[in-house]
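Have a look at upload-v4.cif; it's mmCIF, C-alpha atoms:
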data_structure
loop_
_atom_site.label_atom_id
_atom_site.label_comp_id
_atom_site.auth_asym_id
_atom_site.auth_seq_id
_atom_site.Cartn_x
_atom_site.Cartn_y
_atom_site.Cartn_z
CA MET A 1 13.03 -5.83 -2.13
CA ALA A 2 11.83 -5.01 -5.63
CA TYR A 3 9.45 -2.46 -4.28
CA SER A 4 12.07 -0.37 -2.55
CA HIS A 5 13.95 -0.31 -5.85
CA ALA A 6 10.79 1.02 -7.45
CA LEU A 7 10.57 3.71 -4.80
CA GLN A 8 14.16 4.74 -5.27
CA ALA A 9 13.67 4.81 -9.03
CA LEU A 10 10.72 7.14 -8.58
CA GLY A 11 12.64 9.46 -6.28
CA ASP A 12 14.02 11.26 -9.35
CA PRO A 13 11.73 13.86 -10.98
CA THR A 14 13.07 13.22 -14.49
CA ARG A 15 12.31 9.53 -14.13
CA ARG A 16 8.81 10.38 -12.98
CA SER A 17 8.44 12.53 -16.13
CA VAL A 18 9.64 9.63 -18.26
CA LEU A 19 7.10 7.35 -16.61
CA GLU A 20 4.38 9.98 -17.08
CA GLN A 21 4.99 9.87 -20.81
CA LEU A 22 4.99 6.09 -20.93
CA ARG A 23 1.63 6.02 -19.18
CA GLU A 24 0.20 7.59 -22.32
CA GLY A 25 1.55 4.73 -24.45
CA PRO A 26 4.74 2.98 -25.60
CA ARG A 27 7.52 5.33 -26.68
CA ALA A 28 11.01 5.17 -28.17
CA VAL A 29 13.96 6.86 -26.42
CA GLY A 30 14.08 9.70 -28.98
CA GLU A 31 10.39 10.50 -28.54
CA ILE A 32 10.77 10.67 -24.77
CA ALA A 33 13.91 12.82 -24.97
CA ALA A 34 12.20 15.27 -27.34
CA GLN A 35 9.75 16.16 -24.54
CA LEU A 36 12.40 16.65 -21.85
CA PRO A 37 15.27 19.08 -21.23
CA VAL A 38 17.75 16.19 -20.98
CA SER A 39 19.92 14.37 -23.51
CA ARG A 40 19.02 11.12 -25.18
CA PRO A 41 21.78 9.17 -23.37
CA ALA A 42 20.47 10.55 -20.08
CA VAL A 43 16.98 9.30 -20.95
CA SER A 44 18.44 5.87 -21.80
CA GLN A 45 20.09 5.80 -18.39
CA HIS A 46 16.81 6.68 -16.65
CA LEU A 47 14.99 4.01 -18.63
CA ARG A 48 17.55 1.45 -17.51
CA VAL A 49 16.94 2.32 -13.86
CA LEU A 50 13.15 2.13 -14.35
CA LYS A 51 13.55 -1.21 -16.07
CA GLU A 52 15.72 -2.64 -13.29
CA ALA A 53 13.10 -1.49 -10.78
CA GLY A 54 10.45 -3.50 -12.64
CA LEU A 55 8.43 -0.43 -13.61
CA VAL A 56 9.13 -0.42 -17.34
CA THR A 57 9.60 -3.09 -20.01
CA GLU A 58 11.12 -2.79 -23.45
CA ARG A 59 10.59 -4.61 -26.71
CA GLN A 60 11.94 -4.40 -30.22
CA ASP A 61 9.46 -3.11 -32.79
CA GLY A 62 11.13 -3.36 -36.20
CA THR A 63 14.10 -1.02 -36.00
CA ARG A 64 12.72 0.75 -32.95
CA ARG A 65 13.06 -0.17 -29.31
CA LEU A 66 9.84 0.70 -27.51
CA TYR A 67 9.46 1.25 -23.78
CA ARG A 68 6.21 0.81 -21.86
CA VAL A 69 4.90 0.73 -18.29
CA ASP A 70 5.11 -2.77 -16.80
CA PRO A 71 1.52 -3.86 -16.10
CA ASP A 72 2.71 -6.36 -13.47
CA GLY A 73 4.24 -3.69 -11.26
CA LEU A 74 1.25 -4.16 -8.97
CA ALA A 75 2.55 -7.59 -7.97
CA GLY A 76 5.43 -6.01 -6.08
CA LEU A 77 3.07 -3.80 -4.12
CA ARG A 78 0.93 -6.78 -3.17
CA GLU A 79 3.94 -8.75 -2.05
CA TYR A 80 4.94 -5.89 0.16
CA LEU A 81 1.44 -5.57 1.65
CA ASP A 82 1.26 -9.27 2.33
CA GLY A 83 4.31 -9.00 4.58
CA PHE A 84 3.01 -5.77 6.01
CA TRP A 85 -0.33 -7.21 7.18
CA GLU A 86 1.51 -10.10 8.77
CA GLU A 87 3.62 -7.68 10.78
CA ALA A 88 0.60 -5.54 11.72
CA LEU A 89 -1.49 -8.53 12.82
CA ALA A 90 1.34 -10.00 14.91
CA SER A 91 1.62 -6.66 16.67
CA PHE A 92 -2.18 -6.56 17.13
CA LYS A 93 -2.18 -10.09 18.59
CA ALA A 94 0.42 -9.12 21.19
CA ALA A 95 -1.58 -6.04 22.20
CA ALA A 96 -4.90 -7.94 22.44
CA GLU A 97 -3.37 -10.73 24.51
CA ALA A 98 -1.68 -8.28 26.87
CA ASP A 99 -5.05 -6.59 27.33
CA GLU A 100 -6.74 -9.92 28.05
CA ARG A 101 -4.11 -10.79 30.67
CA ARG A 102 -4.61 -7.45 32.39
CA LYS A 103 -8.34 -8.14 32.68
CA LYS A 104 -7.88 -11.53 34.30
CA MET B 7 -3.29 -9.09 -15.68
CA THR B 8 -3.35 -12.52 -14.10
CA THR B 9 -5.90 -13.35 -11.42
CA MET B 10 -3.01 -13.88 -9.04
CA THR B 11 -2.46 -10.17 -8.78
CA THR B 12 -6.13 -9.27 -8.29
CA GLU B 13 -7.13 -11.85 -5.67
CA ALA B 14 -7.70 -10.46 -2.22
CA ILE B 15 -4.89 -10.75 0.32
CA THR B 16 -6.16 -12.92 3.18
CA LYS B 17 -4.48 -13.18 6.56
CA GLN B 18 -5.61 -15.14 9.57
CA ILE B 19 -4.33 -15.10 13.12
CA ARG B 20 -5.55 -16.67 16.35
CA VAL B 21 -5.58 -14.43 19.38
CA ASP B 22 -5.73 -15.59 23.01
CA ALA B 23 -8.40 -13.08 23.92
CA ASN B 24 -12.17 -13.10 23.56
CA PRO B 25 -13.79 -11.47 20.50
CA GLU B 26 -14.92 -8.44 22.53
CA THR B 27 -11.36 -7.69 23.66
CA ALA B 28 -9.87 -8.47 20.25
CA PHE B 29 -12.33 -6.19 18.49
CA ASP B 30 -11.87 -3.47 21.06
CA VAL B 31 -8.08 -3.53 20.78
CA PHE B 32 -8.19 -3.61 16.99
CA THR B 33 -10.52 -0.66 16.58
CA GLY B 34 -10.33 1.25 19.85
CA ARG B 35 -6.59 1.01 20.43
CA ILE B 36 -5.14 0.78 16.96
CA GLY B 37 -2.70 3.54 17.93
CA ASP B 38 -1.13 1.22 20.53
CA TRP B 39 -0.20 -1.59 18.19
CA TRP B 40 -0.03 -0.23 14.65
CA PRO B 41 3.61 -0.32 13.44
CA LEU B 42 3.74 3.42 12.82
CA GLU B 43 7.53 3.41 12.70
CA HIS B 44 7.34 1.22 9.59
CA TYR B 45 4.07 2.21 8.19
CA SER B 46 2.66 5.71 8.36
CA VAL B 47 2.56 8.93 6.43
CA PHE B 48 4.05 11.08 9.21
CA GLY B 49 6.46 8.62 10.87
CA ARG B 50 6.94 7.09 14.30
CA GLU B 51 5.82 10.19 16.22
CA ALA B 52 2.40 10.07 14.57
CA THR B 53 -0.81 8.69 16.09
CA VAL B 54 -3.62 6.79 14.44
CA ALA B 55 -7.19 6.15 15.58
CA PHE B 56 -10.66 5.19 14.48
CA GLU B 57 -12.46 8.54 14.78
CA GLY B 58 -16.15 8.16 14.09
CA ASP B 59 -16.41 6.70 10.62
CA ARG B 60 -12.83 7.47 9.60
CA ILE B 61 -9.37 6.12 10.32
CA VAL B 62 -7.18 9.16 10.87
CA GLU B 63 -3.42 9.55 11.25
CA ARG B 64 -2.19 12.74 12.94
CA SER B 65 1.32 14.20 13.10
CA PRO B 66 2.68 15.92 16.23
CA ASN B 67 2.27 19.24 14.34
CA GLY B 68 -1.42 18.69 13.88
CA GLU B 69 -1.42 17.56 10.26
CA GLU B 70 -3.89 14.82 9.50
CA THR B 71 -4.46 12.28 6.79
CA VAL B 72 -7.36 9.86 6.37
CA TRP B 73 -6.45 6.23 5.72
CA GLY B 74 -9.97 5.00 5.15
CA GLU B 75 -13.68 5.30 5.84
CA VAL B 76 -15.52 2.79 8.01
CA LEU B 77 -18.24 0.97 6.06
CA ASP B 78 -19.41 -1.59 8.66
CA PHE B 79 -18.83 -1.67 12.39
CA GLU B 80 -20.30 -4.64 14.28
CA VAL B 81 -18.91 -4.68 17.81
CA ALA B 82 -17.06 -7.94 18.58
CA GLY B 83 -17.87 -9.24 15.10
CA ARG B 84 -16.65 -7.36 12.09
CA VAL B 85 -15.22 -4.11 10.82
CA ARG B 86 -14.96 -3.14 7.16
CA PHE B 87 -13.29 0.00 5.82
CA THR B 88 -12.00 1.54 2.61
CA TRP B 89 -8.22 1.65 2.51
CA HIS B 90 -6.26 4.41 0.84
CA PRO B 91 -3.48 5.63 3.16
CA GLY B 92 -1.50 8.45 1.66
CA ARG B 93 -3.98 9.46 -0.99
CA PRO B 94 -7.52 10.82 -1.31
CA GLY B 95 -10.36 8.33 -0.93
CA ASP B 96 -11.99 9.21 -4.23
CA GLU B 97 -9.08 7.65 -6.10
CA GLU B 98 -10.21 4.04 -6.25
CA PRO B 99 -9.59 2.84 -2.72
CA THR B 100 -9.00 -0.80 -1.89
CA GLU B 101 -11.07 -2.34 0.90
CA VAL B 102 -10.24 -4.18 4.13
CA GLU B 103 -12.57 -6.41 6.13
CA VAL B 104 -11.62 -7.86 9.50
CA THR B 105 -13.82 -10.49 11.16
CA PHE B 106 -13.58 -11.73 14.73
CA ALA B 107 -14.89 -15.26 15.33
CA SER B 108 -14.99 -17.01 18.69
CA ASP B 109 -12.58 -19.97 18.67
CA GLY B 110 -12.52 -21.94 21.92
CA ASP B 111 -11.24 -19.52 24.55
CA GLY B 112 -9.74 -17.28 21.89
CA THR B 113 -10.62 -15.48 18.68
CA LEU B 114 -9.87 -16.25 15.09
CA VAL B 115 -9.17 -12.96 13.32
CA THR B 116 -9.41 -12.92 9.54
CA LEU B 117 -8.28 -9.94 7.49
CA VAL B 118 -9.17 -9.66 3.81
CA HIS B 119 -7.65 -6.86 1.75
CA GLY B 120 -9.45 -6.68 -1.59
CA GLY B 121 -10.52 -4.30 -4.30
CA TRP B 122 -7.48 -5.04 -6.43
CA ASP B 123 -9.56 -5.55 -9.54
CA ARG B 124 -10.37 -1.88 -9.56
CA LEU B 125 -6.74 -0.90 -9.06
CA SER B 126 -5.67 -3.23 -11.83
CA GLU B 127 -8.23 -1.70 -14.16
CA GLU B 128 -6.78 1.69 -13.33
CA ARG B 129 -3.34 0.33 -13.91
CA ARG B 130 -4.28 -1.07 -17.29
CA ALA B 131 -5.84 2.22 -18.24
CA GLY B 132 -2.56 3.88 -17.24
CA ARG B 133 -4.22 6.09 -14.66
CA VAL B 134 -2.45 5.01 -11.50
CA ASP B 135 -0.75 7.98 -9.95
CA TYR B 136 2.87 7.29 -9.11
CA ASP B 137 3.44 10.57 -7.35
CA ASN B 138 0.86 10.16 -4.61
CA GLY B 139 -0.61 7.39 -2.59
CA TRP B 140 1.12 4.14 -1.78
CA PRO B 141 4.58 5.21 -2.93
CA LEU B 142 4.42 8.14 -0.53
CA VAL B 143 3.76 5.85 2.40
CA LEU B 144 6.10 3.14 1.20
CA GLU B 145 8.91 5.56 0.49
CA ARG B 146 8.99 6.31 4.17
CA TYR B 147 9.17 2.60 4.86
CA ALA B 148 11.99 2.13 2.39
CA ALA B 149 13.95 5.00 3.94
CA LEU B 150 13.49 3.65 7.43
CA SER B 151 14.36 0.09 6.60
CA LYS B 152 17.72 0.93 5.02
#
Please lay out the structure from this file as structure tokens.
Amino acid sequence: MAYSHALQALGDPTRRSVLEQLREGPRAVGEIAAQLPVSRPAVSQHLRVLKEAGLVTERQDGTRRLYRVDPDGLAGLREYLDGFWEEALASFKAAAEADERRKK
Amino acid sequence: MTTMTTEAITKQIRVDANPETAFDVFTGRIGDWWPLEHYSVFGREATVAFEGDRIVERSPNGEETVWGEVLDFEVAGRVRFTWHPGRPGDEEPTEVEVTFASDGDGTLVTLVHGGWDRLSEERRAGRVDYDNGWPLVLERYAALSK
């Protein structure tokens, strides 16, 4: 359930602020922390949660470690919807068939 | 972005009911079968209905939210609507089309959920809003399915 991890990760306002910043472009931990009223280790911790939720990726750029929004995050949403439509249509089928039986 | 993530989601199901009944239950009685307990903005006590050219969810307290706008409505044949539960329709909605085709003594129902290209473009441009929209609806789902 990658998507529910993503939802839990986004339940925290500081993490949403971190993600907000990353939407503007890749950032290093220090740059993110400079814009927030929390410590650098705290930002690192938030980034780890976002990364585990599949919302953020990191890469080494020379001596700096840069974080960015994961462009494939949409895949998790689609996966979820795929299962969702299946559930909705099964429920619809049962309702339509019950209706048909009533008419007969 | 790979094409895999932007292709439409397609679902097909055969229903033992004629196309008229199937269409009528899908559009006219969506509130009877929609899994509101898993999938709604206001939760299991909410109602949902096609109201004119909109799909509207209402809470017991009278709040309302529009899931989509109906684009095509061909009785016993096809319904097409924009799809943006949990967020305003002007924010790049996806689109759902449901067709009802006679299949022996039943109906073949095909649902296509598309418009992902636009969302992906938004995503690439970094403009997808994480605070509204799908996460709001899905958060409820996540909470309920714990």
Students should find that atom CA of Ile15 of chain B and atom CA of Leu117 of chain B are spaced 8.0 Å
Name the residues captured by the PyMOL selection byres ((chain A and resi 84-98) around 12) when it is applied to the shown file; answer as a PyMOL selection string.
(chain A and resi 77-83+99-104) or (chain B and resi 15-46+102+104+111-119+144+147)
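With only C-alpha atoms as the atoms that count, the residue of B:Ile61, B:Val85, B:Ala14, B:Val47 with the shortest distance to chain A is B:Ala14.
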Which distance in Å separates atom CA of Arg68 of chain A and atom CA of Pro26 of chain A, to one decimal?
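Answer for the atom CA of Arg68 of chain A to atom CA of Pro26 of chain A separation: 4.6 Å.
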Residues within 10 Å of Glu80 of chain B, please, as a list in words. Count only C-alpha atoms; anything in the same chain fewer than 3 positions from it doesn't count.
Phe29, Gly83, Arg84, Val85, Arg86, Thr105 and Phe106 of chain B
Nearest-residue call for chain B, choices A:Ala28, A:Asp61, A:Arg23, A:Ser17, using all atoms listed in the file:
A:Arg23
Å distance separating atom CA of Val76 of chain B from atom CA of Asp59 of chain B, one decimal place:
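A separation of 4.8 Å between them.
The shortest atom-to-atom distance to chain B, with only C-alpha atoms taken into account, belongs to A:Glu24 out of A:Arg15, A:Pro41, A:Glu24, A:Glu58.
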Residue IDs satisfying the PyMOL selection byres ((chain A and resi 66) around 12), as JSON, numbers by chain:
{"A": [22, 25, 26, 27, 28, 29, 30, 31, 32, 44, 47, 56, 57, 58, 59, 60, 61, 62, 63, 64, 65, 67, 68, 69]}
Keeping only C-alpha atoms, take the residues you just selected and write them out as a PDB file, in the frame of the given file.
ATOM      1  CA  LEU A  22       4.990   6.090 -20.930  1.00  0.00           C
ATOM      2  CA  GLY A  25       1.550   4.730 -24.450  1.00  0.00           C
ATOM      3  CA  PRO A  26       4.740   2.980 -25.600  1.00  0.00           C
ATOM      4  CA  ARG A  27       7.520   5.330 -26.680  1.00  0.00           C
ATOM      5  CA  ALA A  28      11.010   5.170 -28.170  1.00  0.00           C
ATOM      6  CA  VAL A  29      13.960   6.860 -26.420  1.00  0.00           C
ATOM      7  CA  GLY A  30      14.080   9.700 -28.980  1.00  0.00           C
ATOM      8  CA  GLU A  31      10.390  10.500 -28.540  1.00  0.00           C
ATOM      9  CA  ILE A  32      10.770  10.670 -24.770  1.00  0.00           C
ATOM     10  CA  SER A  44      18.440   5.870 -21.800  1.00  0.00           C
ATOM     11  CA  LEU A  47      14.990   4.010 -18.630  1.00  0.00           C
ATOM     12  CA  VAL A  56       9.130  -0.420 -17.340  1.00  0.00           C
ATOM     13  CA  THR A  57       9.600  -3.090 -20.010  1.00  0.00           C
ATOM     14  CA  GLU A  58      11.120  -2.790 -23.450  1.00  0.00           C
ATOM     15  CA  ARG A  59      10.590  -4.610 -26.710  1.00  0.00           C
ATOM     16  CA  GLN A  60      11.940  -4.400 -30.220  1.00  0.00           C
ATOM     17  CA  ASP A  61       9.460  -3.110 -32.790  1.00  0.00           C
ATOM     18  CA  GLY A  62      11.130  -3.360 -36.200  1.00  0.00           C
ATOM     19  CA  THR A  63      14.100  -1.020 -36.000  1.00  0.00           C
ATOM     20  CA  ARG A  64      12.720   0.750 -32.950  1.00  0.00           C
ATOM     21  CA  ARG A  65      13.060  -0.170 -29.310  1.00  0.00           C
ATOM     22  CA  TYR A  67       9.460   1.250 -23.780  1.00  0.00           C
ATOM     23  CA  ARG A  68       6.210   0.810 -21.860  1.00  0.00           C
ATOM     24  CA  VAL A  69       4.900   0.730 -18.290  1.00  0.00           C
TER      25      VAL A  69
END
Taking the file as shown, what set of residues would the PyMOL selection byres ((chain B and resi 88) around 10) give back, as a PyMOL selection string?
chain B and resi 60-61+73-77+86-87+89-91+95+98-103+119-121
